[in-house]
$ cat target.cif   # mmCIF, N, CA and C atoms
data_input
loop_
_atom_site.label_atom_id
_atom_site.label_comp_id
_atom_site.auth_asym_id
_atom_site.auth_seq_id
_atom_site.Cartn_x
_atom_site.Cartn_y
_atom_site.Cartn_z
N MET A 1 -20.08 -28.19 -8.27
CA MET A 1 -19.29 -27.63 -9.35
C MET A 1 -18.16 -26.80 -8.74
N GLU A 2 -16.96 -27.02 -9.19
CA GLU A 2 -15.80 -26.29 -8.70
C GLU A 2 -15.36 -25.28 -9.76
N LEU A 3 -15.13 -24.05 -9.32
CA LEU A 3 -14.67 -23.01 -10.24
C LEU A 3 -13.15 -22.99 -10.28
N ASP A 4 -12.62 -22.69 -11.43
CA ASP A 4 -11.18 -22.54 -11.59
C ASP A 4 -10.88 -21.04 -11.60
N VAL A 5 -10.59 -20.48 -10.42
CA VAL A 5 -10.30 -19.05 -10.29
C VAL A 5 -8.79 -18.87 -10.29
N ARG A 6 -8.34 -17.97 -11.15
CA ARG A 6 -6.90 -17.75 -11.27
C ARG A 6 -6.60 -16.27 -11.07
N THR A 7 -5.48 -16.03 -10.42
CA THR A 7 -5.00 -14.67 -10.20
C THR A 7 -3.53 -14.65 -10.60
N ALA A 8 -3.17 -13.70 -11.45
CA ALA A 8 -1.79 -13.59 -11.91
C ALA A 8 -1.30 -14.93 -12.45
N GLU A 9 -2.18 -15.61 -13.19
CA GLU A 9 -1.89 -16.91 -13.82
C GLU A 9 -1.65 -18.04 -12.84
N LEU A 10 -2.04 -17.86 -11.59
CA LEU A 10 -1.87 -18.88 -10.55
C LEU A 10 -3.23 -19.22 -9.96
N ASP A 11 -3.37 -20.42 -9.42
CA ASP A 11 -4.58 -20.83 -8.74
C ASP A 11 -4.79 -19.89 -7.55
N ALA A 12 -5.93 -19.24 -7.50
CA ALA A 12 -6.20 -18.20 -6.49
C ALA A 12 -6.19 -18.74 -5.06
N ARG A 13 -6.26 -20.05 -4.88
CA ARG A 13 -6.25 -20.62 -3.53
C ARG A 13 -4.85 -20.69 -2.94
N HIS A 14 -3.84 -20.50 -3.74
CA HIS A 14 -2.46 -20.64 -3.28
C HIS A 14 -1.87 -19.31 -2.81
N ALA A 15 -0.99 -19.40 -1.84
CA ALA A 15 -0.37 -18.21 -1.26
C ALA A 15 0.39 -17.39 -2.29
N ALA A 16 1.01 -18.04 -3.25
CA ALA A 16 1.76 -17.32 -4.28
C ALA A 16 0.84 -16.39 -5.07
N ALA A 17 -0.38 -16.81 -5.32
CA ALA A 17 -1.34 -15.97 -6.04
C ALA A 17 -1.78 -14.81 -5.16
N ARG A 18 -2.07 -15.10 -3.91
CA ARG A 18 -2.52 -14.04 -3.00
C ARG A 18 -1.42 -13.01 -2.79
N GLY A 19 -0.16 -13.42 -2.89
CA GLY A 19 0.96 -12.50 -2.76
C GLY A 19 1.07 -11.51 -3.91
N GLN A 20 0.36 -11.76 -4.99
CA GLN A 20 0.38 -10.88 -6.15
C GLN A 20 -0.78 -9.89 -6.16
N VAL A 21 -1.59 -9.90 -5.09
CA VAL A 21 -2.77 -9.06 -5.00
C VAL A 21 -2.64 -8.10 -3.82
N ALA A 22 -3.00 -6.84 -4.04
CA ALA A 22 -3.03 -5.85 -2.95
C ALA A 22 -4.42 -5.23 -2.91
N TYR A 23 -4.84 -4.82 -1.73
CA TYR A 23 -6.17 -4.25 -1.54
C TYR A 23 -6.05 -2.94 -0.77
N LEU A 24 -6.77 -1.94 -1.23
CA LEU A 24 -6.81 -0.66 -0.54
C LEU A 24 -8.26 -0.34 -0.19
N PRO A 25 -8.60 -0.36 1.11
CA PRO A 25 -9.97 0.00 1.51
C PRO A 25 -10.20 1.51 1.36
N GLU A 26 -11.46 1.90 1.35
CA GLU A 26 -11.78 3.32 1.20
C GLU A 26 -11.22 4.15 2.34
N ASN A 27 -11.33 3.66 3.55
CA ASN A 27 -10.88 4.42 4.72
C ASN A 27 -9.73 3.70 5.41
N ALA A 28 -8.55 3.83 4.86
CA ALA A 28 -7.38 3.25 5.49
C ALA A 28 -6.99 4.11 6.70
N ALA A 29 -6.58 3.46 7.78
CA ALA A 29 -6.23 4.18 9.00
C ALA A 29 -4.73 4.04 9.27
N PHE A 30 -4.12 5.16 9.62
CA PHE A 30 -2.69 5.18 9.91
C PHE A 30 -2.47 5.95 11.21
N HIS A 31 -1.35 5.71 11.84
CA HIS A 31 -1.06 6.38 13.11
C HIS A 31 -0.81 7.87 12.83
N PRO A 32 -1.60 8.75 13.46
CA PRO A 32 -1.49 10.18 13.15
C PRO A 32 -0.18 10.83 13.59
N ALA A 33 0.54 10.22 14.52
CA ALA A 33 1.79 10.82 15.00
C ALA A 33 2.99 10.49 14.11
N LEU A 34 2.83 9.49 13.24
CA LEU A 34 3.92 9.13 12.33
C LEU A 34 3.89 10.00 11.08
N THR A 35 5.05 10.19 10.49
CA THR A 35 5.09 10.86 9.19
C THR A 35 4.75 9.84 8.11
N GLY A 36 4.42 10.30 6.93
CA GLY A 36 4.17 9.39 5.83
C GLY A 36 5.37 8.51 5.56
N GLU A 37 6.54 9.10 5.64
CA GLU A 37 7.78 8.35 5.40
C GLU A 37 7.99 7.26 6.46
N GLU A 38 7.71 7.59 7.72
CA GLU A 38 7.86 6.60 8.80
C GLU A 38 6.86 5.46 8.63
N GLN A 39 5.61 5.81 8.29
CA GLN A 39 4.57 4.79 8.16
C GLN A 39 4.88 3.83 7.01
N ILE A 40 5.22 4.35 5.85
CA ILE A 40 5.52 3.50 4.70
C ILE A 40 6.83 2.74 4.95
N GLY A 41 7.79 3.37 5.59
CA GLY A 41 9.03 2.68 5.95
C GLY A 41 8.76 1.49 6.85
N HIS A 42 7.82 1.64 7.79
CA HIS A 42 7.44 0.54 8.67
C HIS A 42 6.84 -0.61 7.87
N PHE A 43 5.93 -0.29 6.96
CA PHE A 43 5.31 -1.33 6.14
C PHE A 43 6.33 -2.02 5.25
N LEU A 44 7.28 -1.27 4.72
CA LEU A 44 8.35 -1.88 3.93
C LEU A 44 9.15 -2.86 4.77
N SER A 45 9.47 -2.46 6.00
CA SER A 45 10.22 -3.34 6.91
C SER A 45 9.44 -4.63 7.18
N LEU A 46 8.13 -4.51 7.37
CA LEU A 46 7.31 -5.69 7.62
C LEU A 46 7.34 -6.66 6.44
N ARG A 47 7.52 -6.12 5.24
CA ARG A 47 7.59 -6.96 4.03
C ARG A 47 9.02 -7.40 3.72
N GLY A 48 9.96 -7.09 4.60
CA GLY A 48 11.34 -7.50 4.39
C GLY A 48 12.10 -6.62 3.42
N GLU A 49 11.59 -5.44 3.16
CA GLU A 49 12.24 -4.51 2.24
C GLU A 49 12.86 -3.35 3.02
N SER A 50 13.75 -2.62 2.38
CA SER A 50 14.41 -1.49 3.03
C SER A 50 13.44 -0.34 3.22
N PRO A 51 13.38 0.23 4.44
CA PRO A 51 12.51 1.39 4.67
C PRO A 51 12.93 2.62 3.87
N LYS A 52 14.14 2.59 3.32
CA LYS A 52 14.60 3.72 2.51
C LYS A 52 13.78 3.89 1.23
N GLY A 53 13.04 2.87 0.84
CA GLY A 53 12.20 2.95 -0.34
C GLY A 53 10.93 3.76 -0.15
N ALA A 54 10.68 4.21 1.09
CA ALA A 54 9.45 4.95 1.39
C ALA A 54 9.34 6.24 0.57
N ARG A 55 10.44 6.97 0.45
CA ARG A 55 10.40 8.24 -0.30
C ARG A 55 10.01 8.01 -1.75
N VAL A 56 10.52 6.96 -2.34
CA VAL A 56 10.21 6.66 -3.74
C VAL A 56 8.72 6.36 -3.90
N LEU A 57 8.17 5.56 -3.01
CA LEU A 57 6.74 5.24 -3.07
C LEU A 57 5.89 6.48 -2.85
N LEU A 58 6.27 7.29 -1.88
CA LEU A 58 5.48 8.51 -1.61
C LEU A 58 5.58 9.49 -2.78
N GLU A 59 6.71 9.55 -3.41
CA GLU A 59 6.85 10.40 -4.60
C GLU A 59 5.95 9.88 -5.72
N ARG A 60 5.89 8.58 -5.85
CA ARG A 60 5.07 7.96 -6.90
C ARG A 60 3.60 8.30 -6.76
N VAL A 61 3.13 8.50 -5.52
CA VAL A 61 1.72 8.82 -5.30
C VAL A 61 1.49 10.32 -5.05
N GLY A 62 2.52 11.12 -5.29
CA GLY A 62 2.36 12.57 -5.19
C GLY A 62 2.49 13.15 -3.79
N LEU A 63 3.15 12.45 -2.89
CA LEU A 63 3.30 12.94 -1.51
C LEU A 63 4.74 13.26 -1.14
N HIS A 64 5.58 13.46 -2.11
CA HIS A 64 6.99 13.73 -1.83
C HIS A 64 7.16 14.92 -0.89
N ASP A 65 6.45 16.00 -1.15
CA ASP A 65 6.59 17.22 -0.34
C ASP A 65 6.04 17.06 1.08
N ALA A 66 5.13 16.11 1.27
CA ALA A 66 4.52 15.92 2.59
C ALA A 66 5.08 14.71 3.32
N ALA A 67 6.09 14.06 2.77
CA ALA A 67 6.62 12.81 3.32
C ALA A 67 7.06 12.93 4.77
N ARG A 68 7.54 14.09 5.17
CA ARG A 68 8.06 14.25 6.53
C ARG A 68 7.09 14.98 7.46
N ARG A 69 5.86 15.18 6.98
CA ARG A 69 4.80 15.74 7.84
C ARG A 69 4.07 14.60 8.52
N ARG A 70 3.52 14.89 9.69
CA ARG A 70 2.75 13.88 10.42
C ARG A 70 1.44 13.59 9.68
N ILE A 71 1.07 12.32 9.65
CA ILE A 71 -0.14 11.90 8.94
C ILE A 71 -1.38 12.56 9.53
N GLY A 72 -1.34 12.91 10.81
CA GLY A 72 -2.47 13.60 11.43
C GLY A 72 -2.78 14.94 10.79
N THR A 73 -1.84 15.50 10.04
CA THR A 73 -2.08 16.78 9.35
C THR A 73 -2.55 16.58 7.92
N TYR A 74 -2.60 15.34 7.45
CA TYR A 74 -2.99 15.05 6.07
C TYR A 74 -4.50 15.14 5.88
N SER A 75 -4.89 15.51 4.68
CA SER A 75 -6.31 15.46 4.30
C SER A 75 -6.69 14.00 4.04
N LYS A 76 -7.98 13.74 3.88
CA LYS A 76 -8.42 12.37 3.59
C LYS A 76 -7.79 11.87 2.29
N GLY A 77 -7.74 12.70 1.29
CA GLY A 77 -7.13 12.31 0.03
C GLY A 77 -5.66 11.96 0.17
N MET A 78 -4.96 12.70 1.00
CA MET A 78 -3.54 12.41 1.24
C MET A 78 -3.39 11.09 1.98
N ARG A 79 -4.28 10.82 2.94
CA ARG A 79 -4.22 9.54 3.66
C ARG A 79 -4.50 8.39 2.70
N GLN A 80 -5.40 8.61 1.75
CA GLN A 80 -5.68 7.57 0.76
C GLN A 80 -4.44 7.32 -0.11
N ARG A 81 -3.69 8.36 -0.39
CA ARG A 81 -2.45 8.18 -1.16
C ARG A 81 -1.41 7.40 -0.36
N VAL A 82 -1.37 7.61 0.96
CA VAL A 82 -0.48 6.80 1.80
C VAL A 82 -0.90 5.33 1.67
N GLY A 83 -2.20 5.10 1.69
CA GLY A 83 -2.71 3.74 1.51
C GLY A 83 -2.33 3.16 0.16
N LEU A 84 -2.38 3.99 -0.87
CA LEU A 84 -1.98 3.53 -2.20
C LEU A 84 -0.49 3.18 -2.22
N ALA A 85 0.33 4.01 -1.59
CA ALA A 85 1.76 3.72 -1.51
C ALA A 85 1.97 2.38 -0.79
N GLN A 86 1.21 2.15 0.28
CA GLN A 86 1.32 0.88 1.01
C GLN A 86 0.93 -0.28 0.10
N ALA A 87 -0.15 -0.12 -0.65
CA ALA A 87 -0.63 -1.19 -1.52
C ALA A 87 0.37 -1.50 -2.64
N LEU A 88 1.17 -0.53 -3.03
CA LEU A 88 2.14 -0.73 -4.10
C LEU A 88 3.41 -1.46 -3.66
N ILE A 89 3.58 -1.64 -2.36
CA ILE A 89 4.75 -2.36 -1.85
C ILE A 89 4.71 -3.79 -2.39
N GLY A 90 5.82 -4.24 -2.91
CA GLY A 90 5.90 -5.59 -3.44
C GLY A 90 5.49 -5.70 -4.90
N LYS A 91 5.11 -4.57 -5.50
CA LYS A 91 4.74 -4.54 -6.92
C LYS A 91 3.68 -5.59 -7.27
N PRO A 92 2.49 -5.50 -6.68
CA PRO A 92 1.45 -6.49 -6.97
C PRO A 92 1.02 -6.43 -8.43
N LYS A 93 0.57 -7.57 -8.94
CA LYS A 93 0.08 -7.62 -10.32
C LYS A 93 -1.38 -7.21 -10.40
N LEU A 94 -2.10 -7.33 -9.28
CA LEU A 94 -3.50 -6.93 -9.22
C LEU A 94 -3.70 -6.05 -8.01
N LEU A 95 -4.25 -4.87 -8.24
CA LEU A 95 -4.50 -3.91 -7.16
C LEU A 95 -6.01 -3.66 -7.11
N VAL A 96 -6.63 -4.02 -5.99
CA VAL A 96 -8.07 -3.85 -5.81
C VAL A 96 -8.28 -2.59 -4.98
N LEU A 97 -8.98 -1.62 -5.58
CA LEU A 97 -9.22 -0.34 -4.91
C LEU A 97 -10.69 -0.20 -4.57
N ASP A 98 -10.99 -0.09 -3.27
CA ASP A 98 -12.36 0.18 -2.84
C ASP A 98 -12.56 1.68 -2.97
N GLU A 99 -13.67 2.11 -3.52
CA GLU A 99 -13.86 3.53 -3.73
C GLU A 99 -13.86 4.25 -2.42
#

$ encode --input "target.cif" --output "structure tokens"
Amino acid sequence: MELDVRTAELDARHAAARGQVAYLPENAAFHPALTGEEQIGHFLSLRGESPKGARVLLERVGLHDAARRRIGTYSKGMRQRVGLAQALIGKPKLLVLDE
């Protein structure tokens, strides 16, 4: 028996469907020497987007004031927000959050 699994109205086996899904693990790890802005800017660059969008994403998750601090000084909750900002890159239609 074959299941018909769909994501964002697309067959879940296809890359286009997977591109509409983002996942945030409970313990996301980031380089402690980078600032939040640098880290998110790097991820934006990897996705072919302008790193200048990092401030907007960090503001969206409540880290605007800490954007230029090193991630090594962030609390666990703040690091999770960096992960959320990363997951929001590309405006996914489905966001899977691990507690």

$ resolve_selection --input "target.cif" --expression "the PyMOL selection byres ((chain A and resi 94-99) around 5)" --output "PDB file with N, CA and C atoms, keeping the file's coordinate frame"
ATOM      1  N   GLN A  20       0.360 -11.760  -4.990  1.00  0.00           N
ATOM      2  CA  GLN A  20       0.380 -10.880  -6.150  1.00  0.00           C
ATOM      3  C   GLN A  20      -0.780  -9.890  -6.160  1.00  0.00           C
ATOM      4  N   VAL A  21      -1.590  -9.900  -5.090  1.00  0.00           N
ATOM      5  CA  VAL A  21      -2.770  -9.060  -5.000  1.00  0.00           C
ATOM      6  C   VAL A  21      -2.640  -8.100  -3.820  1.00  0.00           C
ATOM      7  N   ALA A  22      -3.000  -6.840  -4.040  1.00  0.00           N
ATOM      8  CA  ALA A  22      -3.030  -5.850  -2.950  1.00  0.00           C
ATOM      9  C   ALA A  22      -4.420  -5.230  -2.910  1.00  0.00           C
ATOM     10  N   TYR A  23      -4.840  -4.820  -1.730  1.00  0.00           N
ATOM     11  CA  TYR A  23      -6.170  -4.250  -1.540  1.00  0.00           C
ATOM     12  C   TYR A  23      -6.050  -2.940  -0.770  1.00  0.00           C
ATOM     13  N   LEU A  24      -6.770  -1.940  -1.230  1.00  0.00           N
ATOM     14  CA  LEU A  24      -6.810  -0.660  -0.540  1.00  0.00           C
ATOM     15  C   LEU A  24      -8.260  -0.340  -0.190  1.00  0.00           C
ATOM     16  N   PRO A  25      -8.600  -0.360   1.110  1.00  0.00           N
ATOM     17  CA  PRO A  25      -9.970   0.000   1.510  1.00  0.00           C
ATOM     18  C   PRO A  25     -10.200   1.510   1.360  1.00  0.00           C
ATOM     19  N   GLU A  26     -11.460   1.900   1.350  1.00  0.00           N
ATOM     20  CA  GLU A  26     -11.780   3.320   1.200  1.00  0.00           C
ATOM     21  C   GLU A  26     -11.220   4.150   2.340  1.00  0.00           C
ATOM     22  N   PRO A  92       2.490  -5.500  -6.680  1.00  0.00           N
ATOM     23  CA  PRO A  92       1.450  -6.490  -6.970  1.00  0.00           C
ATOM     24  C   PRO A  92       1.020  -6.430  -8.430  1.00  0.00           C
ATOM     25  N   LYS A  93       0.570  -7.570  -8.940  1.00  0.00           N
ATOM     26  CA  LYS A  93       0.080  -7.620 -10.320  1.00  0.00           C
ATOM     27  C   LYS A  93      -1.380  -7.210 -10.400  1.00  0.00           C
TER      28      LYS A  93
END

$ resolve_selection --input "target.cif" --expression "the PyMOL selection byres ((chain A and resi 90) around 8)" --output "PyMOL selection string"
chain A and resi 19-20+44+47+85-89+91-93

$ closest_residue --input "target.cif" --among "A:Leu46, A:Val5, A:Leu10, A:Leu84" --to "A:Val61" --atoms "only N, CA and C atoms"
A:Leu84

$ atom_distance --input "target.cif" --atom1 "atom N of A:Phe43" --atom2 "atom N of A:Ala17"
21.5 Å

$ resolve_selection --input "target.cif" --expression "the PyMOL selection byres ((chain A and resi 41) around 6.5)" --output "PyMOL selection string"
chain A and resi 36-40+42-46+50-54

$ atom_distance --input "target.cif" --atom1 "atom CA of A:Val82" --atom2 "atom CA of A:Gly48"
18.7 Å
